[in-house]
Amino acid sequence: MQPLASPMQSSMSGISGTGQSLPGGQREKFSADELAIVLSNYDIGIIESIVEYPRGSRRAPKLLITSEQGKFLLKRRARGKDEVYKVAFSHSVQLFLASKQFPLPHLIGTRKDNSSMLQWRGSVYELFEYIAGQHYPHTLEATFEAGRVLGLYHKLLGDFQSQWQPPESSYHNQPSVLQGIKQIGASLVADNEAGQRVVAELERMYREASERVEELGISNWPRQYVHADWHPGNMLFRDNHVVAVIDYDSARQLPRVVDVGNGALQFSIIAGSEDPAKWPDYLDEARYRRFVRGYDEVMLLSSAEVKAIPFLMVEALVAEAVLPIAMTGSFGQKEGMPFLQMIERKATWMMQSAQRLSGLLES
């Protein structure tokens with residue numbers, strides 16, 4: 001196959017209306033005529049089966065397609081994630097990484113102009129090769145590998161240049177997080193004294209963590225292309241090895257440690273039963289250390305970056321919980337207030353343990 005053309009060379013058809021948007025939190029689906037027309041733009045041979053692939057955002061429908069040429073994943077971008085220039089930037093990152101043999105599903109070009117994206121009736125579509133893999137197995141070996149591959153991601157993109165302007169915001173020192181906390185305080189827990197205390201503590205810890213990271217010098221650290229959504233759900237494993245990293249929609253330019261802090265949180269946090277009140281305050285310190293050690297095998301972190309990681313983890317934890325709860329009153333299927341109480345416990349433990357946690361990495 002020829003190298004994929006620039007994603008901006010695809011058709012700019014502006015006819016409106018596509019697919020089926022379903023109420024009540026159900027997943028959006030492809031309509032029959034939409035599917036027929038979209039697939040006709042790809043040369044993947046005779047199709048043997050098409051099944052829904054109900055993972056990821058409910059607003060971004062996906063289909064697993066089996067044809068005589070193999071297995072493919074068709075995706076329609078969710079509204080708000082389908083701005084053409086943002087998609088073009090994301091694709092430029094993926095195409096560069098693919099050229100460096102980084103483990104990711106390759107984009108499939110369109111039949112007509114070999115473009116990495118298809119635009120039809122106001123929507124944006126992507127077709128990827130399908131890579132079979134397993135969920136994160138929670139082993140130390142897999143955790144080390146997740147950190148190592150993040151280091152590889154950063155190292156490879158050190159030479160990357162894009163013609164598209166990337167976003168630069170993150171969970172660190174983000175005004176929208178503080179606005180979300182205030183919104184929760186004014187609505188969800190307006191008449192709840194215990195809830196007000198939780199919200200006040202979350203705001204205090206988020207501000208303090210942000211200040212500590214700023215004091216360490218993050219504003220002066222180099223910015224580079226990062227993934228910005230490095231968590232177990234965006235990786236496929238096989239025998240404790242990462243066989244594919246997916247979802248580059250959040251790629252942007254930030255100090256690399258913002259990625260490392262979020263990854264360290266995501267790969268060490270301990271959940272549990274359906275009841276967040278039963279989740280422990282502490283994190284899995286063995287996995288925490290192993291993730292950062294994996295990263296250090298490829299890209300060495302400075303002492304200041306190591307000291308920033310626990311505080312960035314607090315910021316990431318608070319941001320991830322606050323923003324959806326401020327918008328919907330809940331975190332997925334979990335009630336907002338009990339979930340925030342659990343977040344407050346975990347954030348408190350991390351703030352109190354920050355010096356020891358950074359010490360574990362320095363040792």
# chains A, B, ... in the order shown; residues from 1 in each chain; ligands from 1
>>> residues_around(residues="range 201-208 of chain A", least_positions_apart="4", cutoff="12 Å", atoms="only C-alpha atoms", output="mmCIF file with C-alpha atoms, in the first residue's frame")
data_model
loop_
_atom_site.group_PDB
_atom_site.id
_atom_site.type_symbol
_atom_site.label_atom_id
_atom_site.label_comp_id
_atom_site.auth_asym_id
_atom_site.auth_seq_id
_atom_site.Cartn_x
_atom_site.Cartn_y
_atom_site.Cartn_z
ATOM 1 C CA TYR A 171 -5.372 18.527 33.920
ATOM 2 C CA HIS A 172 -2.556 20.540 35.555
ATOM 3 C CA ASN A 173 -3.467 23.960 36.915
ATOM 4 C CA GLN A 174 -6.657 23.931 34.859
ATOM 5 C CA PRO A 175 -9.250 26.652 35.598
ATOM 6 C CA SER A 176 -12.074 24.433 34.324
ATOM 7 C CA VAL A 177 -11.360 21.939 37.136
ATOM 8 C CA LEU A 178 -11.747 24.653 39.769
ATOM 9 C CA GLN A 179 -14.894 25.870 38.030
ATOM 10 C CA GLY A 180 -16.237 22.303 38.107
ATOM 11 C CA ILE A 181 -15.552 22.032 41.830
ATOM 12 C CA LYS A 182 -17.410 25.281 42.489
ATOM 13 C CA GLN A 183 -20.297 24.124 40.294
ATOM 14 C CA ILE A 184 -20.614 20.901 42.295
ATOM 15 C CA GLY A 185 -20.578 22.920 45.513
ATOM 16 C CA ALA A 194 -20.600 16.939 54.608
ATOM 17 C CA GLY A 195 -20.594 17.387 50.846
ATOM 18 C CA GLN A 196 -19.459 20.989 51.181
ATOM 19 C CA ARG A 197 -16.546 19.837 53.318
ATOM 20 C CA ARG A 212 3.781 22.540 44.332
ATOM 21 C CA VAL A 213 4.233 21.466 40.695
ATOM 22 C CA GLU A 214 4.657 25.097 39.632
ATOM 23 C CA GLU A 215 7.247 25.645 42.367
ATOM 24 C CA PRO A 310 2.760 12.595 43.241
ATOM 25 C CA PHE A 311 1.265 16.094 43.012
ATOM 26 C CA LEU A 312 0.388 15.621 39.352
ATOM 27 C CA MET A 313 -1.328 12.376 40.325
ATOM 28 C CA VAL A 314 -3.506 14.306 42.779
ATOM 29 C CA GLU A 315 -4.395 16.842 40.091
ATOM 30 C CA ALA A 316 -5.208 14.111 37.576
ATOM 31 C CA LEU A 317 -7.354 12.221 40.094
ATOM 32 C CA VAL A 318 -9.396 15.286 41.040
ATOM 33 C CA ALA A 319 -9.780 16.478 37.445
ATOM 34 C CA GLU A 320 -10.953 13.109 36.156
ATOM 35 C CA ALA A 321 -13.688 12.894 38.791
ATOM 36 C CA VAL A 322 -14.806 16.521 38.968
ATOM 37 C CA LEU A 340 -16.243 12.323 45.321
ATOM 38 C CA GLN A 341 -15.892 11.178 48.934
ATOM 39 C CA MET A 342 -13.720 8.309 47.737
ATOM 40 C CA ILE A 343 -11.656 10.689 45.562
ATOM 41 C CA GLU A 344 -11.150 12.990 48.551
ATOM 42 C CA ARG A 345 -9.849 10.067 50.648
ATOM 43 C CA LYS A 346 -7.420 8.963 47.953
ATOM 44 C CA ALA A 347 -6.212 12.498 47.232
ATOM 45 C CA THR A 348 -5.641 13.099 50.954
ATOM 46 C CA TRP A 349 -3.553 9.914 51.203
ATOM 47 C CA MET A 350 -1.451 10.935 48.188
ATOM 48 C CA MET A 351 -0.865 14.467 49.463
ATOM 49 C CA GLN A 352 0.193 13.135 52.865
ATOM 50 C CA ALA A 354 3.879 12.729 48.449
#
>>> select_by_dssp(residues="range 48-235 of chain A", states="strand (DSSP E or B)", output="NGL selection string")
:A and (48-52 or 62-67 or 70-76 or 107 or 115 or 118-120 or 123-129 or 134 or 224-226 or 235)
>>> write_last_selection(atoms="C-alpha atoms", output="mmCIF file, in the first residue's frame")
data_model
loop_
_atom_site.group_PDB
_atom_site.id
_atom_site.type_symbol
_atom_site.label_atom_id
_atom_site.label_comp_id
_atom_site.auth_asym_id
_atom_site.auth_seq_id
_atom_site.Cartn_x
_atom_site.Cartn_y
_atom_site.Cartn_z
ATOM 1 C CA GLU A 48 -17.834 -11.678 5.647
ATOM 2 C CA SER A 49 -19.308 -10.200 8.843
ATOM 3 C CA ILE A 50 -20.098 -6.935 10.608
ATOM 4 C CA VAL A 51 -20.700 -6.791 14.371
ATOM 5 C CA GLU A 52 -21.027 -3.927 16.822
ATOM 6 C CA LYS A 62 -17.706 1.330 16.183
ATOM 7 C CA LEU A 63 -18.034 -1.826 14.099
ATOM 8 C CA LEU A 64 -15.771 -4.854 13.842
ATOM 9 C CA ILE A 65 -15.613 -5.843 10.188
ATOM 10 C CA THR A 66 -14.234 -9.119 8.929
ATOM 11 C CA SER A 67 -13.404 -9.313 5.219
ATOM 12 C CA GLY A 70 -8.602 -9.372 7.475
ATOM 13 C CA LYS A 71 -10.289 -7.632 10.394
ATOM 14 C CA PHE A 72 -10.921 -3.897 10.624
ATOM 15 C CA LEU A 73 -12.468 -1.431 13.056
ATOM 16 C CA LEU A 74 -14.728 1.266 11.615
ATOM 17 C CA LYS A 75 -15.360 4.322 13.773
ATOM 18 C CA ARG A 76 -17.475 7.438 13.399
ATOM 19 C CA LEU A 107 -5.069 3.659 9.663
ATOM 20 C CA SER A 115 -6.726 9.494 2.841
ATOM 21 C CA LEU A 118 -13.347 10.043 5.311
ATOM 22 C CA GLN A 119 -15.815 12.915 5.524
ATOM 23 C CA TRP A 120 -19.427 12.261 4.563
ATOM 24 C CA SER A 123 -19.297 13.297 9.932
ATOM 25 C CA VAL A 124 -15.736 12.001 10.075
ATOM 26 C CA TYR A 125 -14.925 8.292 9.763
ATOM 27 C CA GLU A 126 -11.797 6.257 10.401
ATOM 28 C CA LEU A 127 -10.961 2.686 9.486
ATOM 29 C CA PHE A 128 -8.226 0.875 11.417
ATOM 30 C CA GLU A 129 -6.652 -2.529 11.205
ATOM 31 C CA GLN A 134 -6.138 -8.608 26.173
ATOM 32 C CA GLN A 224 6.750 17.940 23.504
ATOM 33 C CA TYR A 225 4.087 15.796 21.894
ATOM 34 C CA VAL A 226 2.345 13.631 24.485
ATOM 35 C CA MET A 235 -3.630 -0.414 25.629
#
>>> closest_atom_pairs(of="range 147-184 of chain A", to="range 253-277 of chain A", cutoff="8 Å", atoms="only C-alpha atoms", output="CSV")
residue,atom,partner,partner_atom,distance
A:Gly147,CA,A:Gly263,CA,7.6
A:Leu150,CA,A:Val260,CA,7.8
A:His154,CA,A:Arg256,CA,7.3
A:Pro166,CA,A:Gln253,CA,6.3
A:Pro167,CA,A:Gln253,CA,6.5
A:Glu168,CA,A:Gln253,CA,5.2
A:Ser169,CA,A:Leu254,CA,7.7
A:Ser170,CA,A:Leu254,CA,7.7
A:His172,CA,A:Val258,CA,7.5
>>> residues_around(residues="Leu361 in chain A", least_positions_apart="6", cutoff="12 Å", atoms="only C-alpha atoms", output="CSV table (one decimal) with N, CA and C atoms, in the first residue's frame")
chain,number,residue,atom,x,y,z
A,264,ALA,N,1.2,7.1,35.9
A,264,ALA,CA,1.5,6.5,37.3
A,264,ALA,C,0.3,6.3,38.1
A,285,GLU,N,1.8,0.5,45.5
A,285,GLU,CA,3.1,1.1,45.4
A,285,GLU,C,4.1,0.3,44.5
A,286,ALA,N,3.9,-1.0,44.5
A,286,ALA,CA,4.8,-1.8,43.6
A,286,ALA,C,4.5,-1.5,42.1
A,287,ARG,N,3.2,-1.3,41.8
A,287,ARG,CA,2.9,-1.0,40.4
A,287,ARG,C,3.3,0.4,40.1
A,288,TYR,N,3.2,1.3,41.0
A,288,TYR,CA,3.6,2.7,40.9
A,288,TYR,C,5.1,2.8,40.5
A,289,ARG,N,5.9,2.1,41.3
A,289,ARG,CA,7.3,2.2,41.1
A,289,ARG,C,7.7,1.5,39.7
A,290,ARG,N,7.0,0.4,39.5
A,290,ARG,CA,7.3,-0.4,38.2
A,290,ARG,C,7.0,0.4,37.0
A,291,PHE,N,5.9,1.2,37.0
A,291,PHE,CA,5.5,2.0,35.8
A,291,PHE,C,6.6,3.0,35.6
A,292,VAL,N,7.0,3.8,36.6
A,292,VAL,CA,8.0,4.8,36.4
A,292,VAL,C,9.4,4.2,36.0
A,293,ARG,N,9.7,3.1,36.6
A,293,ARG,CA,11.0,2.4,36.2
A,293,ARG,C,11.0,2.0,34.8
A,294,GLY,N,9.8,1.6,34.3
A,294,GLY,CA,9.7,1.3,32.9
A,294,GLY,C,10.0,2.5,32.0
A,295,TYR,N,9.4,3.6,32.4
A,295,TYR,CA,9.6,4.8,31.6
A,295,TYR,C,11.1,5.2,31.7
A,296,ASP,N,11.7,5.1,32.9
A,296,ASP,CA,13.1,5.5,33.1
A,296,ASP,C,14.0,4.7,32.2
A,300,LEU,N,15.1,9.1,30.9
A,300,LEU,CA,15.4,9.3,32.3
A,300,LEU,C,14.7,10.6,32.8
A,301,LEU,N,14.0,10.5,33.9
A,301,LEU,CA,13.3,11.7,34.5
A,301,LEU,C,14.3,12.5,35.4
A,302,SER,N,14.1,13.8,35.5
A,302,SER,CA,15.0,14.6,36.3
A,302,SER,C,14.4,14.5,37.8
A,303,SER,N,15.2,14.9,38.7
A,303,SER,CA,14.8,14.9,40.1
A,303,SER,C,13.6,15.7,40.4
A,304,ALA,N,13.5,16.9,39.7
A,304,ALA,CA,12.4,17.8,39.9
A,304,ALA,C,11.1,17.1,39.3
A,305,GLU,N,11.2,16.4,38.2
A,305,GLU,CA,10.1,15.7,37.6
A,305,GLU,C,9.6,14.6,38.5
A,306,VAL,N,10.5,13.9,39.1
A,306,VAL,CA,10.1,12.8,40.0
A,306,VAL,C,9.4,13.4,41.2
A,307,LYS,N,9.8,14.5,41.7
A,307,LYS,CA,9.2,15.2,42.9
A,307,LYS,C,7.8,15.7,42.5
A,308,ALA,N,7.6,16.0,41.2
A,308,ALA,CA,6.3,16.5,40.8
A,308,ALA,C,5.2,15.4,40.6
A,309,ILE,N,5.7,14.2,40.4
A,309,ILE,CA,4.7,13.1,40.0
A,309,ILE,C,3.6,12.9,41.0
A,310,PRO,N,3.9,12.8,42.3
A,310,PRO,CA,2.8,12.6,43.2
A,310,PRO,C,1.7,13.7,43.2
A,354,ALA,N,3.2,12.2,49.6
A,354,ALA,CA,3.9,12.7,48.4
A,354,ALA,C,5.4,12.6,48.6
A,355,GLN,N,5.9,13.0,49.7
A,355,GLN,CA,7.4,13.0,49.9
A,355,GLN,C,7.9,11.6,49.9
>>> closest_residue(among="A:Gln333, A:Phe237, A:Asp159, A:Val242", to="Lys100 in chain A", atoms="only C-alpha atoms")
A:Asp159
>>> residues_around(residues="Leu236 in chain A", least_positions_apart="6", cutoff="7 Å", atoms="only C-alpha atoms", output="list in words")
Gly133, Gln134, His135, Tyr136, Val242, Val243, Ala244 and Val245 of chain A
>>> write_last_selection(atoms="C-alpha atoms", output="short mmCIF file (atom, residue, chain, number, x, y, z; two decimals), in the first residue's frame")
data_model
loop_
_atom_site.label_atom_id
_atom_site.label_comp_id
_atom_site.auth_asym_id
_atom_site.auth_seq_id
_atom_site.Cartn_x
_atom_site.Cartn_y
_atom_site.Cartn_z
CA GLY A 133 -5.27 -8.29 22.51
CA GLN A 134 -6.14 -8.61 26.17
CA HIS A 135 -7.05 -6.12 28.85
CA TYR A 136 -4.37 -4.91 31.27
CA VAL A 242 1.85 -4.00 24.88
CA VAL A 243 0.78 -4.99 21.37
CA ALA A 244 -1.14 -1.80 20.61
CA VAL A 245 -1.71 1.69 21.99
#
>>> closest_residue(among="A:Pro222, A:Met337, A:Ser363, A:Ser353", to="Asp281 in chain A", atoms="only C-alpha atoms")
A:Ser353
>>> atom_distance(atom1="CA of Ser90 in chain A", atom2="CA of Ile218 in chain A")
24.6 Å
>>> atom_distance(atom1="CA of Met117 in chain A", atom2="CA of Val93 in chain A")
13.6 Å
>>> closest_residue(among="A:Ile246, A:Val298, A:Ile37, A:Ala200", to="Arg121 in chain A", atoms="only C-alpha atoms")
A:Ile37
>>> select_by_dssp(residues="range 114-183 of chain A", states="helix (DSSP H, G or I)", output="list in words")
Leu140, Glu141, Ala142, Thr143, Phe144, Glu145, Ala146, Gly147, Arg148, Val149, Leu150, Gly151, Leu152, Tyr153, His154, Lys155, Leu156, Leu157, Gly158, Asp159, Pro175, Ser176, Val177, Leu178, Gln179, Gly180, Ile181, Lys182 and Gln183 of chain A
>>> write_last_selection(atoms="N, CA and C atoms", output="PDB file, in the first residue's frame")
ATOM      1  N   LEU A 140       3.065  -6.860  37.457  1.00  0.00           N
ATOM      2  CA  LEU A 140       4.189  -5.921  37.493  1.00  0.00           C
ATOM      3  C   LEU A 140       4.896  -5.870  36.144  1.00  0.00           C
ATOM      4  N   GLU A 141       4.956  -7.006  35.463  1.00  0.00           N
ATOM      5  CA  GLU A 141       5.606  -7.036  34.151  1.00  0.00           C
ATOM      6  C   GLU A 141       4.859  -6.161  33.147  1.00  0.00           C
ATOM      7  N   ALA A 142       3.529  -6.272  33.133  1.00  0.00           N
ATOM      8  CA  ALA A 142       2.733  -5.468  32.207  1.00  0.00           C
ATOM      9  C   ALA A 142       2.796  -3.994  32.565  1.00  0.00           C
ATOM     10  N   THR A 143       2.874  -3.690  33.867  1.00  0.00           N
ATOM     11  CA  THR A 143       2.954  -2.306  34.318  1.00  0.00           C
ATOM     12  C   THR A 143       4.279  -1.677  33.894  1.00  0.00           C
ATOM     13  N   PHE A 144       5.359  -2.413  34.057  1.00  0.00           N
ATOM     14  CA  PHE A 144       6.669  -1.949  33.592  1.00  0.00           C
ATOM     15  C   PHE A 144       6.630  -1.677  32.090  1.00  0.00           C
ATOM     16  N   GLU A 145       6.015  -2.591  31.361  1.00  0.00           N
ATOM     17  CA  GLU A 145       5.924  -2.455  29.906  1.00  0.00           C
ATOM     18  C   GLU A 145       5.125  -1.218  29.510  1.00  0.00           C
ATOM     19  N   ALA A 146       4.049  -0.918  30.250  1.00  0.00           N
ATOM     20  CA  ALA A 146       3.247   0.266  29.950  1.00  0.00           C
ATOM     21  C   ALA A 146       4.068   1.540  30.134  1.00  0.00           C
ATOM     22  N   GLY A 147       4.905   1.571  31.161  1.00  0.00           N
ATOM     23  CA  GLY A 147       5.778   2.719  31.366  1.00  0.00           C
ATOM     24  C   GLY A 147       6.864   2.802  30.303  1.00  0.00           C
ATOM     25  N   ARG A 148       7.415   1.665  29.937  1.00  0.00           N
ATOM     26  CA  ARG A 148       8.468   1.644  28.916  1.00  0.00           C
ATOM     27  C   ARG A 148       7.938   2.132  27.570  1.00  0.00           C
ATOM     28  N   VAL A 149       6.740   1.702  27.213  1.00  0.00           N
ATOM     29  CA  VAL A 149       6.175   2.101  25.920  1.00  0.00           C
ATOM     30  C   VAL A 149       5.828   3.590  25.907  1.00  0.00           C
ATOM     31  N   LEU A 150       5.433   4.141  27.073  1.00  0.00           N
ATOM     32  CA  LEU A 150       5.225   5.586  27.131  1.00  0.00           C
ATOM     33  C   LEU A 150       6.548   6.318  26.885  1.00  0.00           C
ATOM     34  N   GLY A 151       7.628   5.815  27.476  1.00  0.00           N
ATOM     35  CA  GLY A 151       8.931   6.407  27.214  1.00  0.00           C
ATOM     36  C   GLY A 151       9.297   6.327  25.746  1.00  0.00           C
ATOM     37  N   LEU A 152       8.998   5.198  25.109  1.00  0.00           N
ATOM     38  CA  LEU A 152       9.264   5.039  23.678  1.00  0.00           C
ATOM     39  C   LEU A 152       8.437   6.027  22.859  1.00  0.00           C
ATOM     40  N   TYR A 153       7.168   6.196  23.243  1.00  0.00           N
ATOM     41  CA  TYR A 153       6.285   7.154  22.575  1.00  0.00           C
ATOM     42  C   TYR A 153       6.906   8.552  22.604  1.00  0.00           C
ATOM     43  N   HIS A 154       7.352   8.982  23.783  1.00  0.00           N
ATOM     44  CA  HIS A 154       7.951  10.306  23.913  1.00  0.00           C
ATOM     45  C   HIS A 154       9.269  10.402  23.137  1.00  0.00           C
ATOM     46  N   LYS A 155      10.057   9.366  23.185  1.00  0.00           N
ATOM     47  CA  LYS A 155      11.353   9.398  22.497  1.00  0.00           C
ATOM     48  C   LYS A 155      11.174   9.511  20.986  1.00  0.00           C
ATOM     49  N   LEU A 156      10.276   8.713  20.434  1.00  0.00           N
ATOM     50  CA  LEU A 156      10.054   8.743  18.989  1.00  0.00           C
ATOM     51  C   LEU A 156       9.522  10.091  18.532  1.00  0.00           C
ATOM     52  N   LEU A 157       8.622  10.688  19.314  1.00  0.00           N
ATOM     53  CA  LEU A 157       8.011  11.949  18.907  1.00  0.00           C
ATOM     54  C   LEU A 157       8.914  13.149  19.179  1.00  0.00           C
ATOM     55  N   GLY A 158      10.099  12.908  19.711  1.00  0.00           N
ATOM     56  CA  GLY A 158      11.038  14.000  19.914  1.00  0.00           C
ATOM     57  C   GLY A 158      11.447  14.654  18.617  1.00  0.00           C
ATOM     58  N   ASP A 159      11.389  13.905  17.507  1.00  0.00           N
ATOM     59  CA  ASP A 159      11.759  14.438  16.192  1.00  0.00           C
ATOM     60  C   ASP A 159      10.542  14.806  15.344  1.00  0.00           C
ATOM     61  N   PRO A 175      -8.126  25.900  35.022  1.00  0.00           N
ATOM     62  CA  PRO A 175      -9.250  26.652  35.598  1.00  0.00           C
ATOM     63  C   PRO A 175     -10.585  25.925  35.514  1.00  0.00           C
ATOM     64  N   SER A 176     -10.789  25.124  34.464  1.00  0.00           N
ATOM     65  CA  SER A 176     -12.074  24.433  34.324  1.00  0.00           C
ATOM     66  C   SER A 176     -12.295  23.418  35.442  1.00  0.00           C
ATOM     67  N   VAL A 177     -11.216  22.867  36.012  1.00  0.00           N
ATOM     68  CA  VAL A 177     -11.360  21.939  37.136  1.00  0.00           C
ATOM     69  C   VAL A 177     -11.867  22.692  38.356  1.00  0.00           C
ATOM     70  N   LEU A 178     -11.293  23.851  38.630  1.00  0.00           N
ATOM     71  CA  LEU A 178     -11.747  24.653  39.769  1.00  0.00           C
ATOM     72  C   LEU A 178     -13.180  25.138  39.562  1.00  0.00           C
ATOM     73  N   GLN A 179     -13.518  25.474  38.327  1.00  0.00           N
ATOM     74  CA  GLN A 179     -14.894  25.870  38.030  1.00  0.00           C
ATOM     75  C   GLN A 179     -15.848  24.706  38.268  1.00  0.00           C
ATOM     76  N   GLY A 180     -15.411  23.489  37.881  1.00  0.00           N
ATOM     77  CA  GLY A 180     -16.237  22.303  38.107  1.00  0.00           C
ATOM     78  C   GLY A 180     -16.456  22.040  39.583  1.00  0.00           C
ATOM     79  N   ILE A 181     -15.413  22.219  40.389  1.00  0.00           N
ATOM     80  CA  ILE A 181     -15.552  22.032  41.830  1.00  0.00           C
ATOM     81  C   ILE A 181     -16.561  23.018  42.408  1.00  0.00           C
ATOM     82  N   LYS A 182     -16.474  24.270  41.998  1.00  0.00           N
ATOM     83  CA  LYS A 182     -17.410  25.281  42.489  1.00  0.00           C
ATOM     84  C   LYS A 182     -18.836  24.980  42.029  1.00  0.00           C
ATOM     85  N   GLN A 183     -18.972  24.466  40.801  1.00  0.00           N
ATOM     86  CA  GLN A 183     -20.297  24.124  40.294  1.00  0.00           C
ATOM     87  C   GLN A 183     -20.917  22.993  41.115  1.00  0.00           C
TER      88      GLN A 183
END
>>> atom_distance(atom1="CA of Ser57 in chain A", atom2="CA of Leu283 in chain A")
26.7 Å
>>> closest_residue(among="A:Leu216, A:Leu97, A:Leu35, A:Leu188", to="Ser330 in chain A", atoms="only C-alpha atoms")
A:Leu188
